[in-house]
Structure formats: C-alpha cells, structure tokens
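Participant: My file is upload-v1.pdb. It has PDB, C-alpha atoms and all ligand atoms:
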ATOM      1  CA  MET A   1      17.610  26.583   0.022
ATOM      2  CA  GLU A   2      18.786  26.066   3.574
ATOM      3  CA  THR A   3      17.671  22.681   4.883
ATOM      4  CA  VAL A   4      16.850  22.270   8.532
ATOM      5  CA  VAL A   5      18.580  18.967   8.912
ATOM      6  CA  ASP A   6      18.666  17.986  12.518
ATOM      7  CA  ALA A   7      15.483  17.863  14.514
ATOM      8  CA  SER A   8      17.011  15.499  17.025
ATOM      9  CA  THR A   9      18.289  18.000  19.552
ATOM     10  CA  SER A  10      17.074  21.253  20.935
ATOM     11  CA  GLU A  11      19.256  23.670  22.836
ATOM     12  CA  GLU A  12      18.750  25.718  25.942
ATOM     13  CA  ALA A  13      20.053  29.272  26.274
ATOM     14  CA  ASN A  14      23.295  27.948  27.748
ATOM     15  CA  GLY A  15      23.796  25.845  24.633
ATOM     16  CA  SER A  16      23.507  22.427  26.246
ATOM     17  CA  ALA A  17      21.576  19.825  24.321
ATOM     18  CA  VAL A  18      18.543  19.006  26.444
ATOM     19  CA  GLU A  19      16.334  16.730  24.417
ATOM     20  CA  LYS A  20      16.424  14.277  21.559
ATOM     21  CA  LYS A  21      13.364  14.270  19.337
ATOM     22  CA  PRO A  22      12.419  11.807  16.646
ATOM     23  CA  ILE A  23      13.235  12.896  13.128
ATOM     24  CA  VAL A  24      10.194  13.302  10.930
ATOM     25  CA  VAL A  25      10.203  13.919   7.190
ATOM     26  CA  PHE A  26       6.841  14.633   5.564
ATOM     27  CA  VAL A  27       6.474  13.305   2.014
ATOM     28  CA  LEU A  28       3.983  15.248  -0.081
ATOM     29  CA  GLY A  29       2.880  15.268  -3.713
ATOM     30  CA  GLY A  30      -0.298  14.838  -5.709
ATOM     31  CA  PRO A  31      -2.065  11.477  -5.954
ATOM     32  CA  GLY A  32       0.077   9.120  -8.031
ATOM     33  CA  SER A  33       3.165  11.340  -7.953
ATOM     34  CA  GLY A  34       5.275   8.402  -6.673
ATOM     35  CA  LYS A  35       5.470   9.059  -2.922
ATOM     36  CA  GLY A  36       5.098   5.425  -1.840
ATOM     37  CA  THR A  37       7.494   4.197  -4.512
ATOM     38  CA  GLN A  38      10.253   6.583  -3.446
ATOM     39  CA  CYS A  39       9.630   6.002   0.269
ATOM     40  CA  ALA A  40      10.364   2.288  -0.197
ATOM     41  CA  TYR A  41      13.784   3.203  -1.609
ATOM     42  CA  ILE A  42      14.468   5.714   1.172
ATOM     43  CA  VAL A  43      13.681   3.066   3.816
ATOM     44  CA  GLU A  44      16.132   0.677   2.169
ATOM     45  CA  HIS A  45      18.954   3.210   1.946
ATOM     46  CA  PHE A  46      18.528   5.472   4.951
ATOM     47  CA  GLY A  47      16.901   3.430   7.734
ATOM     48  CA  PHE A  48      13.681   5.397   8.136
ATOM     49  CA  SER A  49      10.353   3.798   9.052
ATOM     50  CA  HIS A  50       7.711   4.617   6.453
ATOM     51  CA  PHE A  51       4.090   5.319   7.307
ATOM     52  CA  SER A  52       1.618   6.218   4.582
ATOM     53  CA  ALA A  53      -1.425   7.988   6.030
ATOM     54  CA  GLY A  54      -3.520   6.562   3.172
ATOM     55  CA  ASP A  55      -2.311   2.998   3.842
ATOM     56  CA  LEU A  56      -3.052   3.349   7.566
ATOM     57  CA  LEU A  57      -6.532   4.678   6.805
ATOM     58  CA  ARG A  58      -7.213   1.810   4.366
ATOM     59  CA  ALA A  59      -6.081  -0.729   6.999
ATOM     60  CA  GLU A  60      -8.351   0.916   9.573
ATOM     61  CA  MET A  61     -11.208   0.919   7.052
ATOM     62  CA  ASN A  62     -10.775  -2.834   6.515
ATOM     63  CA  SER A  63     -10.367  -3.649  10.208
ATOM     64  CA  GLY A  64     -14.076  -3.375  10.927
ATOM     65  CA  SER A  65     -13.497  -0.529  13.396
ATOM     66  CA  GLU A  66     -16.256   1.948  14.191
ATOM     67  CA  ASN A  67     -14.597   4.528  11.903
ATOM     68  CA  GLY A  68     -14.456   2.094   8.969
ATOM     69  CA  LEU A  69     -17.592   3.231   7.142
ATOM     70  CA  MET A  70     -16.781   6.915   7.557
ATOM     71  CA  ILE A  71     -13.226   6.377   6.236
ATOM     72  CA  ARG A  72     -14.489   4.404   3.222
ATOM     73  CA  SER A  73     -16.951   7.112   2.230
ATOM     74  CA  MET A  74     -14.291   9.865   2.630
ATOM     75  CA  ILE A  75     -11.733   7.922   0.566
ATOM     76  CA  ASN A  76     -14.231   7.132  -2.173
ATOM     77  CA  GLU A  77     -15.117  10.818  -2.387
ATOM     78  CA  GLY A  78     -11.426  11.820  -2.318
ATOM     79  CA  LYS A  79     -12.068  13.823   0.849
ATOM     80  CA  ILE A  80      -9.705  14.297   3.780
ATOM     81  CA  VAL A  81     -10.520  12.236   6.864
ATOM     82  CA  PRO A  82     -10.771  14.234  10.136
ATOM     83  CA  SER A  83      -7.294  14.794  11.556
ATOM     84  CA  GLU A  84      -7.936  13.205  14.929
ATOM     85  CA  VAL A  85      -8.400   9.816  13.238
ATOM     86  CA  THR A  86      -5.292  10.087  11.052
ATOM     87  CA  VAL A  87      -3.007  11.578  13.693
ATOM     88  CA  ASN A  88      -4.056   8.865  16.106
ATOM     89  CA  LEU A  89      -3.139   6.139  13.564
ATOM     90  CA  LEU A  90       0.204   7.770  12.759
ATOM     91  CA  GLN A  91       1.077   8.250  16.402
ATOM     92  CA  GLN A  92       0.286   4.623  17.200
ATOM     93  CA  ALA A  93       2.375   3.381  14.268
ATOM     94  CA  MET A  94       5.318   5.568  15.298
ATOM     95  CA  GLU A  95       5.180   4.396  18.903
ATOM     96  CA  GLU A  96       5.052   0.745  17.907
ATOM     97  CA  SER A  97       7.862   0.977  15.366
ATOM     98  CA  GLY A  98      10.747   1.241  17.830
ATOM     99  CA  ASN A  99      12.461   3.591  15.364
ATOM    100  CA  ASP A 100      13.084   7.305  15.747
ATOM    101  CA  LYS A 101      13.334   8.293  12.072
ATOM    102  CA  PHE A 102      10.029   8.531  10.267
ATOM    103  CA  LEU A 103       8.827   9.160   6.737
ATOM    104  CA  ILE A 104       5.239  10.305   6.959
ATOM    105  CA  ASP A 105       3.769   9.911   3.477
ATOM    106  CA  GLY A 106       0.634  11.676   2.226
ATOM    107  CA  PHE A 107       0.406  13.798   5.346
ATOM    108  CA  PRO A 108      -0.273  16.628   6.187
ATOM    109  CA  ARG A 109      -2.956  16.872   3.487
ATOM    110  CA  ASN A 110      -4.407  20.131   4.784
ATOM    111  CA  GLU A 111      -3.805  22.810   7.387
ATOM    112  CA  GLU A 112      -5.934  20.937   9.939
ATOM    113  CA  ASN A 113      -3.694  17.824   9.524
ATOM    114  CA  ARG A 114      -0.581  19.943   9.939
ATOM    115  CA  ALA A 115      -1.719  21.767  13.053
ATOM    116  CA  ALA A 116      -3.152  18.637  14.720
ATOM    117  CA  PHE A 117       0.053  16.632  14.278
ATOM    118  CA  GLU A 118       2.144  19.418  15.709
ATOM    119  CA  ALA A 119      -0.224  20.027  18.635
ATOM    120  CA  VAL A 120      -0.469  16.347  19.564
ATOM    121  CA  THR A 121       3.125  15.221  19.044
ATOM    122  CA  GLY A 122       5.001  18.497  19.500
ATOM    123  CA  ILE A 123       7.079  17.481  16.468
ATOM    124  CA  GLU A 124       7.861  19.646  13.465
ATOM    125  CA  PRO A 125       9.331  18.029  10.362
ATOM    126  CA  ALA A 126      13.071  18.254   9.778
ATOM    127  CA  PHE A 127      12.138  18.980   6.168
ATOM    128  CA  VAL A 128       9.421  18.199   3.638
ATOM    129  CA  LEU A 129       9.890  16.328   0.367
ATOM    130  CA  PHE A 130       7.557  17.421  -2.385
ATOM    131  CA  PHE A 131       7.165  15.305  -5.516
ATOM    132  CA  ASP A 132       6.187  17.666  -8.274
ATOM    133  CA  CYS A 133       4.411  15.957 -11.174
ATOM    134  CA  PRO A 134       2.048  17.122 -13.945
ATOM    135  CA  LYS A 135      -1.606  16.196 -13.544
ATOM    136  CA  GLU A 136      -1.743  14.167 -16.772
ATOM    137  CA  GLU A 137       1.189  11.982 -15.672
ATOM    138  CA  MET A 138      -0.329  11.435 -12.207
ATOM    139  CA  GLU A 139      -3.611  10.462 -13.830
ATOM    140  CA  ARG A 140      -1.830   7.950 -16.078
ATOM    141  CA  ARG A 141      -0.001   6.420 -13.106
ATOM    142  CA  ILE A 142      -3.172   6.143 -11.004
ATOM    143  CA  LEU A 143      -5.125   4.449 -13.758
ATOM    144  CA  ASN A 144      -2.255   1.967 -14.277
ATOM    145  CA  ARG A 145      -1.574   1.322 -10.581
ATOM    146  CA  ASN A 146      -3.543  -1.905 -10.422
ATOM    147  CA  GLN A 147      -3.486  -2.387  -6.662
ATOM    148  CA  GLY A 148      -7.228  -2.891  -6.402
ATOM    149  CA  ARG A 149      -7.844   0.504  -4.808
ATOM    150  CA  GLU A 150     -11.482   1.596  -4.925
ATOM    151  CA  ASP A 151     -10.433   5.225  -5.383
ATOM    152  CA  ASP A 152      -8.178   4.582  -8.412
ATOM    153  CA  ASN A 153     -10.850   5.423 -10.977
ATOM    154  CA  ILE A 154     -11.027   8.508 -13.144
ATOM    155  CA  GLU A 155     -13.966  10.071 -11.318
ATOM    156  CA  THR A 156     -12.443   9.824  -7.821
ATOM    157  CA  ALA A 157      -8.959  10.657  -9.140
ATOM    158  CA  ARG A 158     -10.265  13.999 -10.426
ATOM    159  CA  LYS A 159     -11.874  14.733  -7.069
ATOM    160  CA  ARG A 160      -8.544  13.925  -5.394
ATOM    161  CA  PHE A 161      -6.673  16.334  -7.708
ATOM    162  CA  LYS A 162      -9.135  19.067  -6.830
ATOM    163  CA  VAL A 163      -8.674  18.465  -3.104
ATOM    164  CA  PHE A 164      -4.907  18.389  -3.647
ATOM    165  CA  LEU A 165      -4.975  21.812  -5.326
ATOM    166  CA  GLU A 166      -7.380  23.392  -2.872
ATOM    167  CA  SER A 167      -6.222  21.928   0.448
ATOM    168  CA  SER A 168      -2.793  20.286   0.120
ATOM    169  CA  LEU A 169      -0.890  22.763  -2.044
ATOM    170  CA  PRO A 170      -1.323  25.556   0.536
ATOM    171  CA  VAL A 171       0.481  23.310   3.051
ATOM    172  CA  VAL A 172       3.281  22.733   0.520
ATOM    173  CA  GLU A 173       3.496  26.502   0.040
ATOM    174  CA  TYR A 174       3.623  27.022   3.780
ATOM    175  CA  TYR A 175       6.669  24.760   4.100
ATOM    176  CA  GLU A 176       8.292  26.513   1.167
ATOM    177  CA  SER A 177       7.741  29.872   2.879
ATOM    178  CA  ILE A 178       9.599  28.694   5.998
ATOM    179  CA  GLY A 179      12.465  27.190   3.965
ATOM    180  CA  LYS A 180      11.697  23.531   4.722
ATOM    181  CA  LEU A 181      10.639  22.352   1.266
ATOM    182  CA  GLN A 182      12.748  20.046  -0.885
ATOM    183  CA  LYS A 183      11.066  19.984  -4.268
ATOM    184  CA  ILE A 184      11.814  17.047  -6.569
ATOM    185  CA  ASP A 185      10.892  16.733 -10.245
ATOM    186  CA  ALA A 186       8.837  13.513 -10.110
ATOM    187  CA  ALA A 187       7.977  13.351 -13.812
ATOM    188  CA  ARG A 188      11.144  11.351 -14.575
ATOM    189  CA  PRO A 189      11.799   7.591 -14.410
ATOM    190  CA  ILE A 190      11.810   6.089 -10.888
ATOM    191  CA  GLU A 191      15.611   5.688 -10.696
ATOM    192  CA  GLU A 192      16.250   9.268 -11.787
ATOM    193  CA  VAL A 193      13.814  10.618  -9.226
ATOM    194  CA  PHE A 194      15.562   8.562  -6.563
ATOM    195  CA  GLU A 195      18.951  10.024  -7.543
ATOM    196  CA  SER A 196      17.599  13.463  -6.587
ATOM    197  CA  VAL A 197      16.036  12.085  -3.405
ATOM    198  CA  LYS A 198      19.338  10.457  -2.490
ATOM    199  CA  THR A 199      21.155  13.756  -2.835
ATOM    200  CA  VAL A 200      18.760  15.358  -0.351
ATOM    201  CA  PHE A 201      19.076  12.526   2.184
ATOM    202  CA  ALA A 202      22.815  12.075   1.747
ATOM    203  CA  SER A 203      23.368  15.707   2.638
ATOM    204  CA  ILE A 204      21.395  15.331   5.847
ATOM    205  CA  ASN A 205      22.491  11.805   6.726
ATOM    206  CA  GLU A 206      25.756  12.827   8.364
ATOM    207  CA  LYS A 207      23.925  15.021  10.822
ATOM    208  CA  VAL A 208      20.972  12.659  11.255
ATOM    209  CA  LYS A 209      22.892   9.604  12.412
ATOM    210  CA  PRO A 210      20.751   6.731  13.651
ATOM    211  CA  HIS A 211      20.638   6.529  17.432
ATOM    212  CA  GLY A 212      21.947   3.519  19.311
ATOM    213  CA  ARG A 213      19.397   1.035  20.677
ATOM    214  CA  ALA A 214      19.359   2.269  24.265
ATOM    215  CA  GLU A 215      19.177   5.860  23.103
ATOM    216  CA  LYS A 216      16.285   5.028  20.766
ATOM    217  CA  LYS A 217      14.321   3.415  23.591
ATOM    218  CA  PHE A 218      14.881   6.429  25.843
ATOM    219  CA  THR A 219      13.847   8.816  23.051
ATOM    220  CA  LEU A 220      10.616   6.902  22.547
ATOM    221  CA  LEU A 221       9.774   6.828  26.246
ATOM    222  CA  LYS A 222      10.264  10.580  26.428
ATOM    223  CA  LEU A 223       8.206  10.974  23.272
ATOM    224  CA  GLN A 224       5.282   8.991  24.707
ATOM    225  CA  LEU A 225       5.350  11.053  27.904
ATOM    226  CA  LYS A 226       5.429  14.279  25.924
ATOM    227  CA  TRP A 227       2.496  13.216  23.751
ATOM    228  CA  LYS A 228       0.431  12.442  26.818
ATOM    229  CA  MET A 229       1.280  15.863  28.267
ATOM    230  CA  ASN A 230       0.405  17.589  24.980
ATOM    231  CA  LEU A 231      -2.930  15.823  24.960
ATOM    232  CA  LEU A 232      -3.729  16.948  28.474
ATOM    233  CA  ARG A 233      -2.807  20.514  27.533
ATOM    234  CA  ASN A 234      -4.450  20.727  24.113
ATOM    235  CA  GLY A 235      -7.130  18.057  24.118
ATOM    236  CA  VAL A 236      -6.809  17.758  20.330
ATOM    237  CA  CYS A 237      -7.411  14.048  20.064
ATOM    238  CA  LYS A 238     -10.535  12.704  21.650
ATOM    239  CA  GLY A 239     -10.611   8.939  22.076
ATOM    240  CA  TYR A 240      -7.763   8.835  24.614
TER     241      TYR A 240
HETATM  242  P1  LIG B   1       1.619   7.831  -4.614
HETATM  243  O1  LIG B   1       2.019   7.076  -3.364
HETATM  244  O2  LIG B   1       2.190   9.185  -4.671
HETATM  245  O3  LIG B   1       0.132   7.851  -4.836
HETATM  246  P2  LIG B   1       2.801   5.542  -6.000
HETATM  247  O4  LIG B   1       4.185   5.444  -5.475
HETATM  248  O5  LIG B   1       1.811   4.557  -5.516
HETATM  249  O6  LIG B   1       2.234   7.042  -5.862
HETATM  250  O7  LIG B   1       2.915   5.458  -7.594
HETATM  251  C1  LIG B   1       1.738   5.434  -8.403
HETATM  252  C2  LIG B   1       1.960   4.478  -9.570
HETATM  253  O8  LIG B   1       2.940   5.041 -10.443
HETATM  254  C3  LIG B   1       2.499   3.107  -9.169
HETATM  255  O9  LIG B   1       1.925   2.126 -10.020
HETATM  256  C4  LIG B   1       3.998   3.208  -9.402
HETATM  257  O10 LIG B   1       4.576   1.977  -9.738
HETATM  258  C5  LIG B   1       4.082   4.187 -10.552
HETATM  259  N1  LIG B   1       5.238   5.090 -10.483
HETATM  260  C6  LIG B   1       5.796   5.623  -9.387
HETATM  261  N2  LIG B   1       6.821   6.424  -9.703
HETATM  262  C7  LIG B   1       6.899   6.418 -11.064
HETATM  263  C8  LIG B   1       7.764   7.068 -12.005
HETATM  264  N3  LIG B   1       8.744   7.885 -11.596
HETATM  265  N4  LIG B   1       7.565   6.825 -13.315
HETATM  266  C9  LIG B   1       6.553   5.990 -13.725
HETATM  267  N5  LIG B   1       5.723   5.340 -12.880
HETATM  268  C10 LIG B   1       5.882   5.557 -11.567
HETATM  269  O1  LIG B   2      -2.128   9.042  -0.040
HETATM  270  P1  LIG B   2      -3.189   8.155  -0.603
HETATM  271  O2  LIG B   2      -3.385   8.344  -2.090
HETATM  272  O3  LIG B   2      -2.995   6.715  -0.241
HETATM  273  O4  LIG B   2      -4.539   8.626   0.069
HETATM  274  C1  LIG B   2      -5.771   8.036  -0.303
HETATM  275  C2  LIG B   2      -6.917   8.731   0.397
HETATM  276  O5  LIG B   2      -6.798   8.615   1.809
HETATM  277  C3  LIG B   2      -7.023  10.234   0.145
HETATM  278  O6  LIG B   2      -7.618  10.541  -1.109
HETATM  279  C4  LIG B   2      -7.911  10.641   1.324
HETATM  280  O7  LIG B   2      -9.265  10.293   1.101
HETATM  281  C5  LIG B   2      -7.355   9.755   2.442
HETATM  282  N1  LIG B   2      -6.308  10.461   3.214
HETATM  283  C6  LIG B   2      -6.737  11.375   4.174
HETATM  284  N2  LIG B   2      -5.813  12.066   4.906
HETATM  285  C7  LIG B   2      -4.503  11.896   4.695
HETATM  286  C8  LIG B   2      -4.052  10.965   3.720
HETATM  287  C9  LIG B   2      -5.004  10.263   2.990
HETATM  288  O8  LIG B   2      -7.938  11.563   4.369
HETATM  289  N3  LIG B   2      -3.614  12.609   5.407
HETATM  290 MG    MG B   3       0.812   6.245  -1.815
END
Step by step, read the file and then write its structure as structure tokens.
Facilitator:
Amino acid sequence: METVVDASTSEEANGSAVEKKPIVVFVLGGPGSGKGTQCAYIVEHFGFSHFSAGDLLRAEMNSGSENGLMIRSMINEGKIVPSEVTVNLLQQAMEESGNDKFLIDGFPRNEENRAAFEAVTGIEPAFVLFFDCPKEEMERRILNRNQGREDDNIETARKRFKVFLESSLPVVEYYESIGKLQKIDAARPIEEVFESVKTVFASINEKVKPHGRAEKKFTLLKLQLKWKMNLLRNGVCKGY
C-alpha cells in the first residue's frame, strides 16, 4: 500500500512549496487494542506528541467543567461525545504542545469526528494506524487494565465494542479506501507489535524530519491563524 508520508508541505501549480502543515497520524483500534501502549513507544522513538481523545475527555470530565456531567454519562454508556467538544480539546492540546508532529489516539471515532476535525483544523492525517485485535483479546485486556476507569467493566466494554463496529470501523474502512491505512496485527506481545509499528514510522521518518525550533514556532502561528479562519468560514465549533 502506498503511504502518504509527508503532510508537511503543499505545492502550488508552479511546484514551489508554499506551506508547512503539522503532521498528524490518527491511531485507531477497538477498545483495549493497545493504542495508548504503542503511542508511548512511538513518542519515545519518533518525537511525536501524543494526545488520546479519551484521556482528554476524562480530564475534562474531572475538571468540573460544564461539560463534565455530559461527558461522564457518554463515557459510561460507551457513546461518542459530540465532536465539537472533542475537537476543541484536541486543538487546544495541539496548540499548547509546541510540537508539530501529533499522534491523535482514539480519534476519529465516527464520521462526525472525522469531518469536524478536518473542517476546523484543515488537516488531513498523513496516514492512519489501525491496531487490529480480536474482540476476546480486547475484552481480556480491558478487564485486566486496572487503571480505575469507570468504563472498564464488562457491560460498558460490550457497549463500546458495539459502537466500535457500528461507528468507528466505517471510518477505518474509509481510510483504507483512500490508501491511508496502515493495519497492524495487535494480537501479539507488545514488543512484537512495536516492531511492526517501527517499520511503518521508520519508512516515513526520513521524509518527516522534525522541524527546527524557529520553523516549528512559525508553523504553529500559521496553524492558529488558519484554524481561526476555518472557524469563521465553517462555524463548526461553537464556544469560540
Ligand atoms: P487502548 O488505548 O487501545 O484502549 P491500552 O494501550 O490501554 O489500549 O491497552 C489495554 C491494556 O492491555 C493495558 O493494560 C495494556 O497494558 C495491555 N496491553 C496493551 N498492549 C498489549 C499487548 N500487545 N499484549 C498484551 N497486553 C497488552
Ligand atoms: O479511547 P478510550 O478508550 O480512552 O475512550 C473512552 C471513551 O471516551 C469512549 O468509549 C467514548 O465514550 C469517549 N470517546 C469519545 N470520542 C472519542 C474518543 C473517546 O466520545 N473520539
Ligand atoms: Mg487508550
């Protein structure tokens, strides 16, 4: 499969590079497939900043914000939180990070997530990692996770699998249809899975060199301006 490896430049008709964009890799997979575990390794080896949509939502839920109760009830039902909330949290985290290479984990969870992110940020992923894991193994991992998550119980886990099949898999299939999917067999031990992940990132790393500091700052300033312009045009996110 051809990987679209470099989202950092776009070209005008005359071939001159006109813009540097942040590099975004979406990390998808069923609940408990090992997304967070592998992202931690990718950060260590390849200099990406990692943002888990679920982690950001849990932090927001615990912050006492006005969306807290709504987020808690969605998470405990395994439902997908409205995109404007999640995209807003992701966008904020990206802006504050000072980096320009992002792993966005557990997002987009449905077509609404996908379209909202693209409309608000104007960014399409360089590629999408998909951790493919059998349901029984994911269930085992969730029930053994032991991180005190309210949704790591068998009843909610089953609801989450159902939502994954109905809403998230179509997004995975979409990225496969446009040649952006990198599917990884996640049913193996952690180190073996990471060997496959490393192969994917090593092949793109040459072309996705980290920017220098000044360049990074400039990229982010342009990014913030572009987001504001997208918002004015599309009005996708309220609350601005
Ligand atoms: P996700 O972010 O996809 O929900 P996590 O990375 O949190 O999944 O992993 C879920 C649980 O499974 C964690 O307790 C983690 O330590 C464990 N785990 C992750 N990858 C593997 C693996 N390849 N083999 C066995 N256990 C794993
Ligand atoms: O990815 P994670 O397992 O941490 O997600 C936990 C929960 O957070 C999901 O079951 C869902 O309720 C919510 N979530 C969401 N939208 C996302 C990611 C997570 O609503 N894009
Ligand atoms: Mg996770």
Participant: With the PyMOL selection byres (((chain A and resi 52-68) around 9) and not hetatm) as the selection, what would be picked from this file? Answer as a list of chain:residue names, please.
Facilitator: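 Evaluating the PyMOL selection byres (((chain A and resi 52-68) around 9) and not hetatm) on this file yields A:Val27, A:Lys35, A:Gly36, A:His50, A:Phe51, A:Leu69, A:Met70, A:Ile71, A:Arg72, A:Ser73, A:Ile75, A:Val81, A:Val85, A:Thr86, A:Val87, A:Leu89, A:Leu90, A:Ala93, A:Leu103, A:Ile104, A:Asp105, A:Gly106, A:Phe107, A:Pro108.
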Participant: Could you give me the axis-aligned bounding box of ligand LIG 1 (chain B), with 5 Å of padding per side, as centre plus edge lengths in Å to one decimal, as lines of an AutoDock Vina configuration file?
Facilitator:
center_x = 4.4
center_y = 5.6
center_z = -8.5
size_x = 18.6
size_y = 17.2
size_z = 20.4
Participant: Which residue, A:Gln182, A:Glu137, A:Glu176, A:Arg145, has the smallest gap to Ser33 in chain A when you use all atoms listed in the file?
Facilitator: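 Nearest candidate to Ser33 in chain A out of A:Gln182, A:Glu137, A:Glu176, A:Arg145: A:Glu137.
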Participant: At what distance in Å, to one decimal, does CA of Glu139 in chain A lie from atom P1 of ligand LIG 1 (chain B)?
Facilitator: 10.9 Å
Participant: Just the number, please: distance in Å from atom C5 of ligand LIG 2 (chain B) to CA of Gly32 in chain A, one decimal.
Facilitator: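 A separation of 12.9 Å between them.
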Participant: Running the PyMOL selection byres (((chain A and resi 194) around 12) and not hetatm) on this model by hand, what would come out? Give it as JSON, numbers by chain.
Facilitator: {"A": [34, 35, 36, 37, 38, 39, 40, 41, 42, 43, 44, 45, 129, 131, 184, 185, 186, 187, 188, 189, 190, 191, 192, 193, 195, 196, 197, 198, 199, 200, 201, 202]}
Participant: Would you compute the distance between CA of Ile80 in chain A and CA of Asn144 in chain A? Give it in Å to one decimal.
Facilitator: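 CA of Asn144 in chain A lies 23.1 Å from CA of Ile80 in chain A.
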Participant: Under the rule that only C-alpha atoms are counted, which of A:Ser49, A:Ser83, A:Ile204, A:Lys180 is the nearest residue to Asn113 in chain A?
Facilitator: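 Distance minimum relative to Asn113 in chain A lands on A:Ser83.
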Participant: Please write as number ranges by chain the full residue list that the PyMOL selection byres (((chain A and resi 175) around 12) and not hetatm) yields on this file.
Facilitator: A: 1, 3-4, 25-28, 108, 111, 114, 124-130, 168-174, 176-183
Participant: Which polymer residues have any atom within 7 Å of an atom of Ser167 in chain A, counting only C-alpha atoms, with same-chain residues fewer than 3 positions away left out, as number ranges by chain?
Facilitator: A: 109-110, 163-164, 170
Participant: With only C-alpha atoms and all ligand atoms as the atoms that count, which of A:Val24, A:Cys133, A:Ile154, A:Met74 lies nearest to ligand LIG 2 (chain B)?
Facilitator: A:Met74
Participant: Let me make sure I understand: among A:Met94, A:Ala116, A:Phe102, A:Glu155, which one has the smallest atom-to-atom distance to Pro82 in chain A if we use only C-alpha atoms?
Facilitator: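 Ranking A:Met94, A:Ala116, A:Phe102, A:Glu155 by distance to Pro82 in chain A, first place goes to A:Ala116.
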Participant: My list of candidates is A:Pro31, A:Ser203, A:Glu150, A:Asp100. Which is closest to ligand MG 3 (chain B) when distances are computed with only C-alpha atoms and all ligand atoms?
Facilitator: A:Pro31
Participant: Under the rule that all atoms listed in the file are counted, which of A:Glu118, A:Glu166, A:Glu84, A:Asp152 is the nearest residue to ligand MG 3 (chain B)?
Facilitator: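 Comparing A:Glu118, A:Glu166, A:Glu84, A:Asp152 against ligand MG 3 (chain B), the winner is A:Asp152.
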